[in-house]
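Asker: Sending over structure-v2.cif (mmCIF, C-alpha atoms).
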data_entry
loop_
_atom_site.label_atom_id
_atom_site.label_comp_id
_atom_site.auth_asym_id
_atom_site.auth_seq_id
_atom_site.Cartn_x
_atom_site.Cartn_y
_atom_site.Cartn_z
CA MET I 1 10.73 56.47 -23.50
CA SER I 2 7.21 55.06 -23.21
CA ARG I 3 7.73 53.25 -26.50
CA LEU I 4 10.94 51.70 -25.18
CA ILE I 5 9.18 50.61 -22.02
CA THR I 6 6.34 49.09 -24.03
CA THR I 7 8.80 47.24 -26.27
CA SER I 8 10.72 46.00 -23.26
CA GLU I 9 7.56 44.76 -21.56
CA PHE I 10 6.49 43.03 -24.76
CA SER I 11 9.84 41.24 -24.96
CA VAL I 12 9.51 40.06 -21.36
CA VAL I 13 5.99 38.76 -21.96
CA ALA I 14 7.00 37.08 -25.22
CA GLY I 15 9.97 35.45 -23.53
CA GLU I 16 7.76 34.21 -20.71
CA ILE I 17 5.30 32.73 -23.21
CA ARG I 18 8.12 30.94 -25.02
CA ARG I 19 9.46 29.53 -21.75
CA THR I 20 5.97 28.37 -20.81
CA GLU I 21 5.52 26.67 -24.17
CA VAL I 22 8.88 24.94 -23.84
CA MET I 23 7.99 23.72 -20.33
CA ASP I 24 4.62 22.45 -21.58
CA ILE I 25 6.45 20.34 -24.15
CA VAL I 26 8.97 19.14 -21.57
CA ARG I 27 6.24 18.12 -19.12
CA GLY I 28 4.35 16.21 -21.80
CA VAL I 29 7.45 14.44 -23.09
CA VAL I 30 8.48 13.46 -19.55
CA PHE I 31 5.03 12.08 -18.72
CA ILE I 32 4.64 10.12 -21.96
CA GLY I 33 8.24 8.92 -21.83
CA ALA I 34 7.88 7.71 -18.24
CA LEU I 35 4.68 5.83 -19.01
CA LEU I 36 6.10 4.20 -22.14
CA LEU I 37 9.28 3.31 -20.28
CA ALA I 38 7.18 1.39 -17.76
CA TRP I 39 4.92 -0.24 -20.35
CA ILE I 40 7.38 -1.05 -23.12
CA SER I 41 10.59 -1.11 -21.02
CA LEU I 42 14.13 -0.88 -22.34
CA THR I 43 14.06 -4.51 -23.47
CA PRO I 44 10.77 -5.17 -25.31
CA PHE I 45 10.05 -8.26 -27.40
CA GLU I 46 12.20 -10.65 -25.36
CA ASP I 47 13.31 -13.80 -27.13
CA LEU I 48 11.87 -16.48 -24.84
CA SER I 49 13.63 -19.26 -26.74
CA ASP I 50 16.87 -18.18 -25.00
CA MET I 51 15.36 -18.53 -21.54
CA ARG I 52 15.83 -21.67 -19.50
CA VAL I 53 13.99 -23.08 -16.52
CA GLY I 54 15.57 -21.51 -13.48
CA ASP I 55 16.05 -18.05 -14.92
CA VAL I 56 14.96 -15.55 -12.29
CA THR I 57 14.89 -11.79 -12.90
CA LEU I 58 16.86 -10.04 -10.17
CA GLY I 59 16.28 -6.49 -11.34
CA SER I 60 20.00 -5.75 -11.68
CA ASN I 61 19.89 -4.00 -15.06
CA ALA I 62 22.14 -1.00 -14.46
CA THR I 63 20.68 0.95 -17.38
CA THR I 64 17.16 0.64 -16.02
CA TYR I 65 18.31 1.87 -12.61
CA ALA I 66 20.15 4.80 -14.16
CA VAL I 67 17.23 5.84 -16.39
CA TYR I 68 14.71 5.71 -13.55
CA GLY I 69 17.09 7.55 -11.25
CA LEU I 70 17.48 10.39 -13.74
CA LEU I 71 13.75 10.40 -14.43
CA ALA I 72 12.98 10.62 -10.71
CA ALA I 73 15.31 13.59 -10.35
CA LEU I 74 13.84 15.33 -13.41
CA THR I 75 10.17 14.87 -12.45
CA LEU I 76 10.91 15.94 -8.87
CA VAL I 77 12.62 19.14 -10.02
CA ILE I 78 9.73 20.03 -12.35
CA VAL I 79 7.04 19.37 -9.75
CA LEU I 80 8.88 21.14 -6.94
CA ARG I 81 9.17 24.14 -9.25
CA ASP I 82 5.50 24.21 -10.27
CA ASN I 83 3.48 22.23 -7.71
CA ALA I 84 5.37 21.70 -4.46
CA PRO I 85 2.22 22.01 -2.27
CA GLY I 86 0.65 19.08 -4.10
CA LEU I 87 3.66 16.88 -3.48
CA ALA I 88 3.74 17.91 0.19
CA THR I 89 0.30 16.37 0.76
CA LEU I 90 1.84 12.91 0.38
CA ALA I 91 3.17 13.25 3.92
CA SER I 92 0.05 11.52 5.26
CA PRO I 93 0.11 9.08 8.20
CA ALA I 94 -0.77 6.04 6.05
CA PHE I 95 1.96 6.70 3.48
CA LEU I 96 4.58 7.70 6.05
CA LEU I 97 4.03 4.65 8.26
CA PHE I 98 4.09 2.31 5.29
CA ALA I 99 7.24 3.93 3.88
CA GLY I 100 8.87 3.81 7.30
CA TRP I 101 8.22 0.10 7.77
CA LEU I 102 9.39 -0.54 4.21
CA CYS I 103 12.72 1.09 5.08
CA VAL I 104 12.92 -0.99 8.27
CA SER I 105 12.37 -4.16 6.22
CA VAL I 106 15.32 -3.18 4.04
CA LEU I 107 17.60 -2.59 7.04
CA ILE I 108 16.76 -5.86 8.84
CA SER I 109 16.65 -7.91 5.66
CA PHE I 110 17.91 -11.49 5.46
CA ASP I 111 19.91 -10.26 2.45
CA PRO I 112 20.50 -6.49 2.92
CA GLY I 113 22.50 -6.08 -0.28
CA THR I 114 19.72 -7.48 -2.46
CA SER I 115 17.05 -5.52 -0.60
CA ILE I 116 18.91 -2.22 -0.88
CA ARG I 117 19.57 -2.72 -4.59
CA ARG I 118 15.99 -3.63 -5.40
CA PHE I 119 14.55 -0.97 -3.10
CA SER I 120 16.51 1.79 -4.84
CA LEU I 121 14.66 1.12 -8.11
CA THR I 122 11.33 0.89 -6.28
CA ALA I 123 12.05 4.26 -4.62
CA PHE I 124 12.83 5.85 -8.00
CA VAL I 125 9.58 4.49 -9.44
CA ILE I 126 7.53 5.76 -6.49
CA VAL I 127 8.99 9.25 -6.90
CA VAL I 128 8.26 9.25 -10.64
CA THR I 129 4.67 8.03 -10.28
CA ALA I 130 3.97 10.43 -7.40
CA CYS I 131 5.06 13.31 -9.63
CA MET I 132 3.43 12.24 -12.89
CA PRO I 133 -0.18 13.36 -12.17
CA LEU I 134 1.18 16.74 -11.02
CA LEU I 135 3.00 17.37 -14.30
CA ALA I 136 -0.27 18.23 -16.07
CA ARG I 137 -1.91 21.64 -15.64
CA THR I 138 -5.36 20.43 -16.71
CA GLN I 139 -7.30 17.21 -17.04
CA ARG I 140 -7.46 17.67 -20.81
CA GLU I 141 -3.69 17.89 -21.00
CA LEU I 142 -3.36 14.71 -18.97
CA MET I 143 -5.93 12.98 -21.18
CA HIS I 144 -3.94 13.83 -24.33
CA TRP I 145 -0.76 12.47 -22.79
CA PHE I 146 -2.49 9.25 -21.75
CA SER I 147 -3.99 8.84 -25.23
CA ILE I 148 -0.63 9.27 -26.98
CA ALA I 149 1.05 6.73 -24.68
CA ALA I 150 -1.80 4.22 -25.00
CA ILE I 151 -1.87 4.37 -28.80
CA VAL I 152 1.94 4.11 -29.05
CA LEU I 153 1.88 1.03 -26.81
CA LEU I 154 -0.91 -0.69 -28.74
CA VAL I 155 0.54 0.13 -32.17
CA THR I 156 3.95 -1.16 -31.04
CA CYS I 157 2.37 -4.41 -29.85
CA PHE I 158 0.49 -4.92 -33.11
CA LEU I 159 3.55 -4.10 -35.21
CA GLY I 160 5.44 -6.74 -33.27
CA ILE I 161 2.71 -9.29 -33.89
CA LEU I 162 2.70 -8.51 -37.62
CA LEU I 163 6.44 -8.14 -38.20
CA ALA I 164 8.06 -10.32 -35.51
CA PRO I 165 5.46 -12.87 -34.31
CA HIS I 166 8.16 -15.12 -32.83
CA LEU I 167 9.02 -12.28 -30.40
CA SER I 168 5.48 -11.13 -29.60
CA ILE I 169 3.45 -14.37 -29.61
CA HIS I 170 4.16 -17.36 -27.38
CA GLN I 171 5.69 -20.22 -29.39
CA ALA I 172 5.53 -23.98 -28.99
CA THR I 173 9.34 -23.88 -28.92
CA ASP I 174 9.44 -21.74 -25.76
CA PRO I 175 11.29 -23.91 -23.21
CA GLN I 176 9.39 -22.68 -20.15
CA GLU I 177 5.70 -22.65 -21.13
CA PRO I 178 5.16 -24.23 -24.56
CA GLY I 179 1.48 -24.73 -23.69
CA LEU I 180 0.90 -21.00 -24.20
CA ALA I 181 1.70 -21.26 -27.90
CA GLY I 182 -0.42 -18.86 -29.95
CA ASN I 183 -1.21 -16.47 -27.11
CA TRP I 184 -0.28 -12.85 -27.81
CA ARG I 185 2.17 -11.10 -25.50
CA GLY I 186 3.19 -8.07 -27.56
CA VAL I 187 6.13 -6.15 -26.07
CA PHE I 188 5.77 -8.00 -22.77
CA GLY I 189 7.51 -11.12 -21.55
CA HIS I 190 4.37 -13.08 -20.69
CA LYS I 191 0.76 -13.11 -21.82
CA ASN I 192 -0.55 -12.68 -18.25
CA LEU I 193 1.45 -9.48 -17.82
CA ALA I 194 0.38 -8.31 -21.27
CA ALA I 195 -3.30 -9.00 -20.58
CA ALA I 196 -3.22 -7.15 -17.25
CA VAL I 197 -1.60 -4.00 -18.67
CA ILE I 198 -3.83 -3.96 -21.74
CA ALA I 199 -6.90 -4.34 -19.50
CA MET I 200 -5.81 -1.17 -17.70
CA VAL I 201 -5.33 0.50 -21.09
CA LEU I 202 -8.89 -0.55 -21.96
CA PHE I 203 -10.07 1.49 -18.97
CA LEU I 204 -8.19 4.41 -20.52
CA GLY I 205 -10.12 3.95 -23.76
CA ILE I 206 -13.42 4.07 -21.90
CA TYR I 207 -12.25 7.21 -20.11
CA PHE I 208 -11.34 8.89 -23.40
CA ILE I 209 -14.89 8.42 -24.69
CA GLN I 210 -16.42 9.64 -21.43
CA ALA I 211 -14.18 12.72 -21.60
CA GLY I 212 -15.23 13.46 -25.18
CA ASN I 213 -12.17 12.15 -27.04
CA TRP I 214 -14.10 9.71 -29.22
CA ILE I 215 -11.47 9.02 -31.87
CA SER I 216 -8.77 7.96 -29.40
CA GLY I 217 -11.32 6.15 -27.25
CA VAL I 218 -12.73 4.00 -30.03
CA ALA I 219 -9.25 3.22 -31.39
CA VAL I 220 -7.89 2.21 -27.97
CA ILE I 221 -10.93 0.10 -27.06
CA ALA I 222 -10.90 -1.71 -30.41
CA MET I 223 -7.18 -2.53 -30.33
CA ALA I 224 -7.13 -3.37 -26.61
CA SER I 225 -10.16 -5.67 -26.90
CA LEU I 226 -8.67 -7.53 -29.85
CA PHE I 227 -5.38 -7.94 -28.03
CA LEU I 228 -7.04 -9.16 -24.82
CA LEU I 229 -9.01 -11.81 -26.65
CA ASN I 230 -5.91 -13.15 -28.39
CA ALA I 231 -3.78 -12.99 -25.25
CA ALA I 232 -6.23 -15.42 -23.62
CA GLY I 233 -5.82 -13.67 -20.27
CA LYS I 234 -8.93 -15.14 -18.67
CA SER I 235 -8.27 -13.67 -15.23
CA SER I 236 -7.70 -10.16 -16.57
CA LEU I 237 -10.77 -10.32 -18.81
CA THR I 238 -13.00 -11.53 -15.97
CA LEU I 239 -11.67 -8.94 -13.54
CA CYS I 240 -12.01 -6.22 -16.17
CA PHE I 241 -15.74 -6.87 -16.56
CA ALA I 242 -16.21 -7.16 -12.79
CA VAL I 243 -14.48 -3.82 -12.21
CA LEU I 244 -16.57 -2.08 -14.88
CA VAL I 245 -19.80 -3.34 -13.29
CA LEU I 246 -18.84 -2.59 -9.69
CA SER I 247 -17.40 0.85 -10.43
CA SER I 248 -20.60 1.77 -12.26
CA LEU I 249 -22.59 0.94 -9.13
CA THR I 250 -20.77 3.65 -7.16
CA SER I 251 -23.25 6.11 -8.67
CA LEU I 252 -26.00 4.26 -6.79
CA VAL I 253 -24.17 3.41 -3.56
CA ARG I 254 -23.09 6.75 -2.14
CA SER I 255 -21.89 6.06 1.42
CA PHE I 256 -18.26 5.22 2.14
CA TRP I 257 -19.00 2.03 4.05
CA GLY I 258 -21.53 0.93 1.45
CA ARG I 259 -18.90 1.35 -1.24
CA ALA I 260 -16.27 -0.35 0.92
CA ILE I 261 -18.49 -3.40 1.36
CA MET I 262 -19.43 -3.47 -2.33
CA LEU I 263 -15.89 -3.02 -3.71
CA LEU I 264 -13.79 -4.85 -1.14
CA THR I 265 -15.98 -7.90 -0.44
CA PRO I 266 -14.95 -9.41 -3.83
CA LEU I 267 -11.31 -8.85 -2.84
CA VAL I 268 -11.81 -10.81 0.38
CA LEU I 269 -13.64 -13.58 -1.49
CA LEU I 270 -10.93 -13.78 -4.16
CA ASN I 271 -8.27 -14.32 -1.51
CA MET I 272 -10.40 -16.77 0.44
CA LEU I 273 -11.09 -18.88 -2.65
CA SER I 274 -7.48 -18.71 -3.85
CA ILE I 275 -4.79 -18.60 -1.18
CA GLY I 276 -7.41 -19.47 1.46
CA THR I 277 -7.85 -22.91 -0.10
CA VAL I 278 -4.42 -24.00 1.16
CA MET I 279 -5.23 -22.74 4.66
CA SER I 280 -8.70 -24.24 5.06
CA ASP I 281 -10.06 -27.59 3.89
CA THR I 282 -13.56 -26.11 3.91
CA LEU I 283 -12.55 -23.34 1.52
CA ALA I 284 -10.75 -25.90 -0.66
CA GLN I 285 -13.94 -27.97 -0.90
CA ILE I 286 -15.97 -24.87 -1.81
CA ALA I 287 -13.43 -23.94 -4.52
CA GLN I 288 -13.71 -27.45 -6.00
CA LEU I 289 -17.43 -26.90 -6.51
CA LEU I 290 -16.77 -23.81 -8.62
CA PRO I 291 -16.26 -23.96 -12.40
CA LEU I 292 -12.53 -23.24 -12.20
CA ASP I 293 -9.20 -25.02 -11.88
CA SER I 294 -8.99 -25.86 -8.17
CA SER I 295 -5.17 -25.84 -8.37
CA PHE I 296 -5.26 -22.35 -9.91
CA THR I 297 -2.80 -23.46 -12.60
CA GLY I 298 -0.40 -24.90 -10.03
CA ARG I 299 -0.51 -21.88 -7.74
CA THR I 300 -1.68 -23.87 -4.71
CA ASP I 301 1.73 -25.55 -4.40
CA ILE I 302 3.58 -22.25 -4.32
CA TRP I 303 1.05 -20.71 -1.92
CA SER I 304 1.47 -23.64 0.46
CA PHE I 305 5.27 -23.36 0.33
CA ALA I 306 5.16 -19.58 0.87
CA LEU I 307 2.82 -19.87 3.85
CA GLN I 308 5.03 -22.50 5.48
CA SER I 309 8.08 -20.29 4.92
CA LEU I 310 6.27 -17.31 6.46
CA GLN I 311 5.53 -19.03 9.78
CA PRO I 312 8.94 -18.38 11.44
CA LYS I 313 9.04 -14.78 10.14
CA LEU I 314 5.53 -13.49 10.86
CA LEU I 315 6.67 -10.28 12.55
CA THR I 316 9.48 -9.07 10.29
CA GLY I 317 9.37 -11.17 7.13
CA TYR I 318 12.60 -11.92 5.26
CA GLY I 319 13.21 -8.33 4.23
CA TYR I 320 12.10 -6.35 1.20
CA ALA I 321 12.32 -8.55 -1.94
CA ALA I 322 14.75 -10.87 -0.12
CA PHE I 323 12.93 -14.21 -0.21
CA TRP I 324 12.39 -15.48 -3.74
CA GLY I 325 15.58 -16.08 -5.67
CA SER I 326 17.75 -15.72 -2.55
CA SER I 327 19.65 -17.97 -0.14
CA ALA I 328 16.62 -17.84 2.19
CA ILE I 329 15.35 -20.81 0.19
CA GLN I 330 17.58 -23.78 0.93
CA ASN I 331 17.55 -27.42 2.05
CA LEU I 332 14.49 -28.04 -0.09
CA PRO I 333 12.82 -31.46 0.25
CA GLU I 334 12.37 -33.71 -2.74
CA GLY I 335 9.65 -32.42 -5.03
CA LYS I 336 10.11 -28.79 -3.91
CA GLU I 337 13.18 -28.00 -6.03
CA TRP I 338 11.09 -25.65 -8.17
CA ALA I 339 10.90 -23.17 -5.25
CA ALA I 340 14.54 -22.20 -5.80
CA PHE I 341 13.63 -20.92 -9.26
CA ALA I 342 10.32 -19.17 -8.46
CA ALA I 343 10.22 -15.39 -8.85
CA HIS I 344 7.16 -14.73 -6.65
CA SER I 345 4.19 -16.43 -4.99
CA HIS I 346 1.47 -15.26 -7.43
CA ASN I 347 -0.21 -13.31 -4.64
CA GLY I 348 0.77 -9.74 -3.85
CA TYR I 349 -0.53 -9.81 -0.29
CA LEU I 350 1.36 -12.99 0.55
CA ASP I 351 4.57 -11.66 -0.99
CA THR I 352 4.20 -8.47 1.05
CA ALA I 353 3.98 -10.54 4.23
CA LEU I 354 7.03 -12.59 3.17
CA GLY I 355 9.04 -9.43 2.67
CA MET I 356 7.72 -7.17 5.44
CA GLY I 357 5.91 -9.44 7.90
CA LEU I 358 2.32 -9.08 9.00
CA PRO I 359 2.84 -5.46 10.17
CA GLY I 360 3.96 -4.60 6.65
CA LEU I 361 0.90 -6.30 5.18
CA VAL I 362 -1.40 -4.36 7.52
CA LEU I 363 0.28 -1.07 6.60
CA LEU I 364 0.08 -1.90 2.89
CA ILE I 365 -3.65 -2.55 3.21
CA ALA I 366 -4.05 0.77 5.02
CA ALA I 367 -2.05 2.73 2.44
CA LEU I 368 -3.06 1.03 -0.81
CA VAL I 369 -6.52 -0.43 -0.09
CA PHE I 370 -8.42 1.77 2.37
CA THR I 371 -6.75 5.15 1.75
CA PRO I 372 -7.42 5.29 -2.02
CA LEU I 373 -11.06 4.35 -1.45
CA ARG I 374 -11.35 7.12 1.15
CA ASP I 375 -9.73 9.49 -1.35
CA PHE I 376 -12.27 8.58 -4.02
CA GLN I 377 -15.06 9.18 -1.53
CA SER I 378 -13.62 12.60 -0.63
CA ALA I 379 -13.25 13.54 -4.30
CA ASP I 380 -16.82 12.46 -4.97
CA GLU I 381 -18.24 14.37 -2.02
CA GLY I 382 -16.23 17.43 -3.08
CA GLY I 383 -17.64 17.38 -6.60
CA ASN I 384 -14.32 16.32 -8.11
CA ASN I 385 -15.74 13.05 -9.40
CA GLY I 386 -15.45 13.27 -13.18
CA PRO I 387 -14.37 10.60 -15.69
CA MET I 388 -10.71 10.79 -14.66
CA ALA I 389 -11.48 10.02 -11.01
CA MET I 390 -13.49 7.02 -12.22
CA LEU I 391 -10.54 5.95 -14.40
CA PHE I 392 -8.21 5.95 -11.41
CA LEU I 393 -10.77 4.06 -9.32
CA ARG I 394 -11.04 1.33 -11.97
CA ILE I 395 -7.29 0.90 -12.38
CA TRP I 396 -6.82 0.81 -8.60
CA LEU I 397 -9.63 -1.71 -8.11
CA PHE I 398 -8.40 -3.93 -10.94
CA GLY I 399 -4.93 -3.96 -9.36
CA LEU I 400 -6.30 -4.97 -5.97
CA TYR I 401 -8.25 -7.86 -7.45
CA LEU I 402 -5.40 -8.99 -9.69
CA SER I 403 -3.05 -9.14 -6.72
CA SER I 404 -5.02 -12.12 -5.46
CA MET I 405 -3.59 -14.11 -8.38
CA GLU I 406 -0.43 -12.21 -9.35
CA SER I 407 2.33 -10.42 -7.45
CA PHE I 408 3.32 -6.89 -8.42
CA PHE I 409 3.11 -4.82 -5.21
CA LEU I 410 6.42 -2.97 -4.69
CA ASP I 411 7.90 -4.87 -7.64
CA ARG I 412 10.31 -2.18 -8.81
CA ALA I 413 9.46 -1.11 -12.40
CA ASP I 414 6.75 -3.69 -13.08
CA PRO I 415 4.31 -2.06 -15.57
CA ILE I 416 1.24 -3.13 -13.58
CA TRP I 417 2.74 -1.65 -10.41
CA VAL I 418 3.60 1.62 -12.14
CA THR I 419 0.10 2.01 -13.62
CA PHE I 420 -1.49 1.07 -10.30
CA LEU I 421 0.62 3.65 -8.46
CA ILE I 422 -0.37 6.42 -10.87
CA ALA I 423 -4.01 5.64 -10.05
CA VAL I 424 -3.34 5.61 -6.29
CA PHE I 425 -1.58 8.97 -6.38
CA GLY I 426 -4.16 10.34 -8.81
CA LEU I 427 -6.96 9.56 -6.35
CA HIS I 428 -4.89 11.15 -3.57
CA TYR I 429 -4.61 14.43 -5.48
CA PHE I 430 -8.25 14.41 -6.61
CA ALA I 431 -9.31 14.21 -2.97
CA ARG I 432 -7.34 17.37 -2.17
CA PHE I 433 -7.33 19.55 -5.27
CA ARG I 434 -9.90 20.42 -7.89
CA ALA I 435 -8.39 19.61 -11.26
CA ARG I 436 -9.10 22.09 -14.04
CA GLU I 437 -10.93 20.64 -17.03
CA GLY I 438 -8.97 22.52 -19.68
#
Please, can you express the file's structure as structure tokens?
Answerer:
Amino acid sequence: MSRLITTSEFSVVAGEIRRTEVMDIVRGVVFIGALLLAWISLTPFEDLSDMRVGDVTLGSNATTYAVYGLLAALTLVIVLRDNAPGLATLASPAFLLFAGWLCVSVLISFDPGTSIRRFSLTAFVIVVTACMPLLARTQRELMHWFSIAAIVLLVTCFLGILLAPHLSIHQATDPQEPGLAGNWRGVFGHKNLAAAVIAMVLFLGIYFIQAGNWISGVAVIAMASLFLLNAAGKSSLTLCFAVLVLSSLTSLVRSFWGRAIMLLTPLVLLNMLSIGTVMSDTLAQIAQLLPLDSSFTGRTDIWSFALQSLQPKLLTGYGYAAFWGSSAIQNLPEGKEWAAFAAHSHNGYLDTALGMGLPGLVLLIAALVFTPLRDFQSADEGGNNGPMAMLFLRIWLFGLYLSSMESFFLDRADPIWVTFLIAVFGLHYFARFRAREG
């Protein structure tokens, strides 16, 4: 009898081990698949020669919606099974208020149908990214998943450049921006998007080395650096170096307000010397003295138009994602016809105000600017301040700075937005739970 009991117990234990191993594989595949879906998308290597001036992406790809919907359900089931308390911590005042106002902006939208459709994909993405850091049991496991995804992305980009350069390098025959000819874009649709994502991947490479994974770290840094140089993403390169320097100084500046001043002052200056130049003649004159294009590659025109359009909708905005590419833009004066074809304002903070009004902008700043910095401070003070916490800080900070020149906040499945969100949620969890090393 005792032998039968022992055999039975062994079978139960063996079965449990097998189920655990299967779930480990499932969690890793889901994490890597979700990250590669965001980075590479379902339609990589777009043929830009088929695009015409006036094409605006409306985010109506049914397959993308379906895939993200299924992925959101799958990640939610896994996390609720294994780590429900972690997910429950997201019910914080900053997140809840921001989410609530976001829902209000959908309901009172100038174009409710468009807002609801676009918001559904954004909601799926938020669920997926909120669950992704909780899929890993240890930091080492998460590091391995990040390294696999980063190397697959970079290798895919380089294979495209070698085997299909007309689909991965901007061409002089591109009808929209022939002046970008020769700039690498890899799997992405534009070199600016490519440069921003690869800059974030570069932070991953640095993290791999700091965490002891030298082989992956060196490989990622080498490939990412080569790609960045050939993509000619000057803004991303500059911001990348600035973030590396400023984040390193957090080891010297220990107080929360000292770090807030050090890390967020450049954000204020970036917005003052960019979008602020169309609001103040003094700032415009200062910007002209700097060694940069005072028109910010034509962005001043679109900023001026967006600010004028915002004036009658300061409190509510036009509704989530319901301004650009919608009937809200009409009766355009001569010389402003381009506004009907613009996809965004090249400033995430301005686009947030256009969609959700000034209250929405204030709540976004509370949830995505101040809260993550407070989370990093809490993680640091709690001794949970290893290389991964620094990785999330760098990605978050890079995203904040980049949003002064580009617009990706709440932009559905945008790869920059997805990567930024993973960092925001990662900092949230690091402030509340001690992650096991391995």
Asker: Would you list the contacts of range 107-111 of chain I as an mmCIF file with C-alpha atoms, in the coordinates of the input, taking every protein, DNA or RNA residue within 6 Å and counting all atoms listed in the file, but skipping same-chain residues closer than 3 positions in sequence?
Answerer:
data_model
loop_
_atom_site.group_PDB
_atom_site.id
_atom_site.type_symbol
_atom_site.label_atom_id
_atom_site.label_comp_id
_atom_site.auth_asym_id
_atom_site.auth_seq_id
_atom_site.Cartn_x
_atom_site.Cartn_y
_atom_site.Cartn_z
ATOM 1 C CA VAL I 104 12.920 -0.990 8.270
ATOM 2 C CA THR I 114 19.720 -7.480 -2.460
ATOM 3 C CA TYR I 318 12.600 -11.920 5.260
ATOM 4 C CA GLY I 319 13.210 -8.330 4.230
ATOM 5 C CA ALA I 322 14.750 -10.870 -0.120
#
Asker: Around the point (0.8, -3.3, -14.3) in the file's coordinates, collect all residues with an atom within 9 Å, using only C-alpha atoms, and return them as a list in words.
Answerer: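 Output of the proximity query reads Ala38, Trp39, Leu193, Ala194, Ala196, Val197, Ile198, Met200, Gly399, Phe408, Asp414, Pro415, Ile416, Trp417, Val418, Thr419 and Phe420 of chain I.
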Asker: Please enumerate the residues selected by the PyMOL selection byres ((chain I and resi 163-178) around 9) when evaluated against the supplied file, formatted as a PDB file with C-alpha atoms, in the coordinates of the input.
Answerer:
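Generated output (expr.pdb):
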ATOM      1  CA  PRO I  44      10.770  -5.170 -25.310  1.00  0.00           C
ATOM      2  CA  PHE I  45      10.050  -8.260 -27.400  1.00  0.00           C
ATOM      3  CA  GLU I  46      12.200 -10.650 -25.360  1.00  0.00           C
ATOM      4  CA  ASP I  47      13.310 -13.800 -27.130  1.00  0.00           C
ATOM      5  CA  LEU I  48      11.870 -16.480 -24.840  1.00  0.00           C
ATOM      6  CA  SER I  49      13.630 -19.260 -26.740  1.00  0.00           C
ATOM      7  CA  ASP I  50      16.870 -18.180 -25.000  1.00  0.00           C
ATOM      8  CA  MET I  51      15.360 -18.530 -21.540  1.00  0.00           C
ATOM      9  CA  ARG I  52      15.830 -21.670 -19.500  1.00  0.00           C
ATOM     10  CA  VAL I  53      13.990 -23.080 -16.520  1.00  0.00           C
ATOM     11  CA  CYS I 157       2.370  -4.410 -29.850  1.00  0.00           C
ATOM     12  CA  PHE I 158       0.490  -4.920 -33.110  1.00  0.00           C
ATOM     13  CA  LEU I 159       3.550  -4.100 -35.210  1.00  0.00           C
ATOM     14  CA  GLY I 160       5.440  -6.740 -33.270  1.00  0.00           C
ATOM     15  CA  ILE I 161       2.710  -9.290 -33.890  1.00  0.00           C
ATOM     16  CA  LEU I 162       2.700  -8.510 -37.620  1.00  0.00           C
ATOM     17  CA  GLY I 179       1.480 -24.730 -23.690  1.00  0.00           C
ATOM     18  CA  LEU I 180       0.900 -21.000 -24.200  1.00  0.00           C
ATOM     19  CA  ALA I 181       1.700 -21.260 -27.900  1.00  0.00           C
ATOM     20  CA  GLY I 182      -0.420 -18.860 -29.950  1.00  0.00           C
ATOM     21  CA  ASN I 183      -1.210 -16.470 -27.110  1.00  0.00           C
ATOM     22  CA  TRP I 184      -0.280 -12.850 -27.810  1.00  0.00           C
ATOM     23  CA  ARG I 185       2.170 -11.100 -25.500  1.00  0.00           C
ATOM     24  CA  GLY I 186       3.190  -8.070 -27.560  1.00  0.00           C
ATOM     25  CA  VAL I 187       6.130  -6.150 -26.070  1.00  0.00           C
ATOM     26  CA  PHE I 188       5.770  -8.000 -22.770  1.00  0.00           C
ATOM     27  CA  GLY I 189       7.510 -11.120 -21.550  1.00  0.00           C
ATOM     28  CA  HIS I 190       4.370 -13.080 -20.690  1.00  0.00           C
ATOM     29  CA  LYS I 191       0.760 -13.110 -21.820  1.00  0.00           C
ATOM     30  CA  ALA I 231      -3.780 -12.990 -25.250  1.00  0.00           C
TER      31      ALA I 231
END
Asker: Residues picked by the PyMOL selection byres ((chain I and resi 71) around 8) here, as a CSV table (one decimal) with C-alpha atoms, keeping the file's coordinate frame?
Answerer:
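Output below, filename part.csv:
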chain,number,residue,atom,x,y,z
I,30,VAL,CA,8.5,13.5,-19.6
I,34,ALA,CA,7.9,7.7,-18.2
I,67,VAL,CA,17.2,5.8,-16.4
I,68,TYR,CA,14.7,5.7,-13.6
I,69,GLY,CA,17.1,7.6,-11.2
I,70,LEU,CA,17.5,10.4,-13.7
I,72,ALA,CA,13.0,10.6,-10.7
I,73,ALA,CA,15.3,13.6,-10.4
I,74,LEU,CA,13.8,15.3,-13.4
I,75,THR,CA,10.2,14.9,-12.4
I,124,PHE,CA,12.8,5.8,-8.0
I,128,VAL,CA,8.3,9.2,-10.6
Asker: Give as a PyMOL selection string the residues that the PyMOL selection byres ((chain I and resi 265-275) around 7) matches when applied to the coordinates above.
Answerer: chain I and resi 261-264+276-278+283+287+303+401+404
Asker: Provide the CA of Gln311 in chain I to CA of Ser326 in chain I distance in Å, to one decimal place.
Answerer: 17.7 Å
Asker: Show me the residues around (4.3, -2.3, -7.2) - criterion: an atom at most 12 Å away, all atoms listed in the file counted - as an MDAnalysis selection string.
Answerer: chainID I and resid 38 118:119 121:126 129 321 348:349 351:352 364 368 396 399:400 403 406:424
Asker: Could you put an axis-aligned box around every listed atom of range 88-92 of chain I, padded by 5 Å on each side, and send me its centre and edge lengths in Å to one decimal, as AutoDock Vina command-line options?
Answerer:
--center_x 1.9 --center_y 14.7 --center_z 2.7 --size_x 13.7 --size_y 16.4 --size_z 15.1
Asker: Rank I:Ser255, I:Tyr429, I:Val362, I:Met388 by their smallest atom-to-atom distance to Met143 in chain I, using all atoms listed in the file, and report the top residue only.
Answerer: I:Met388
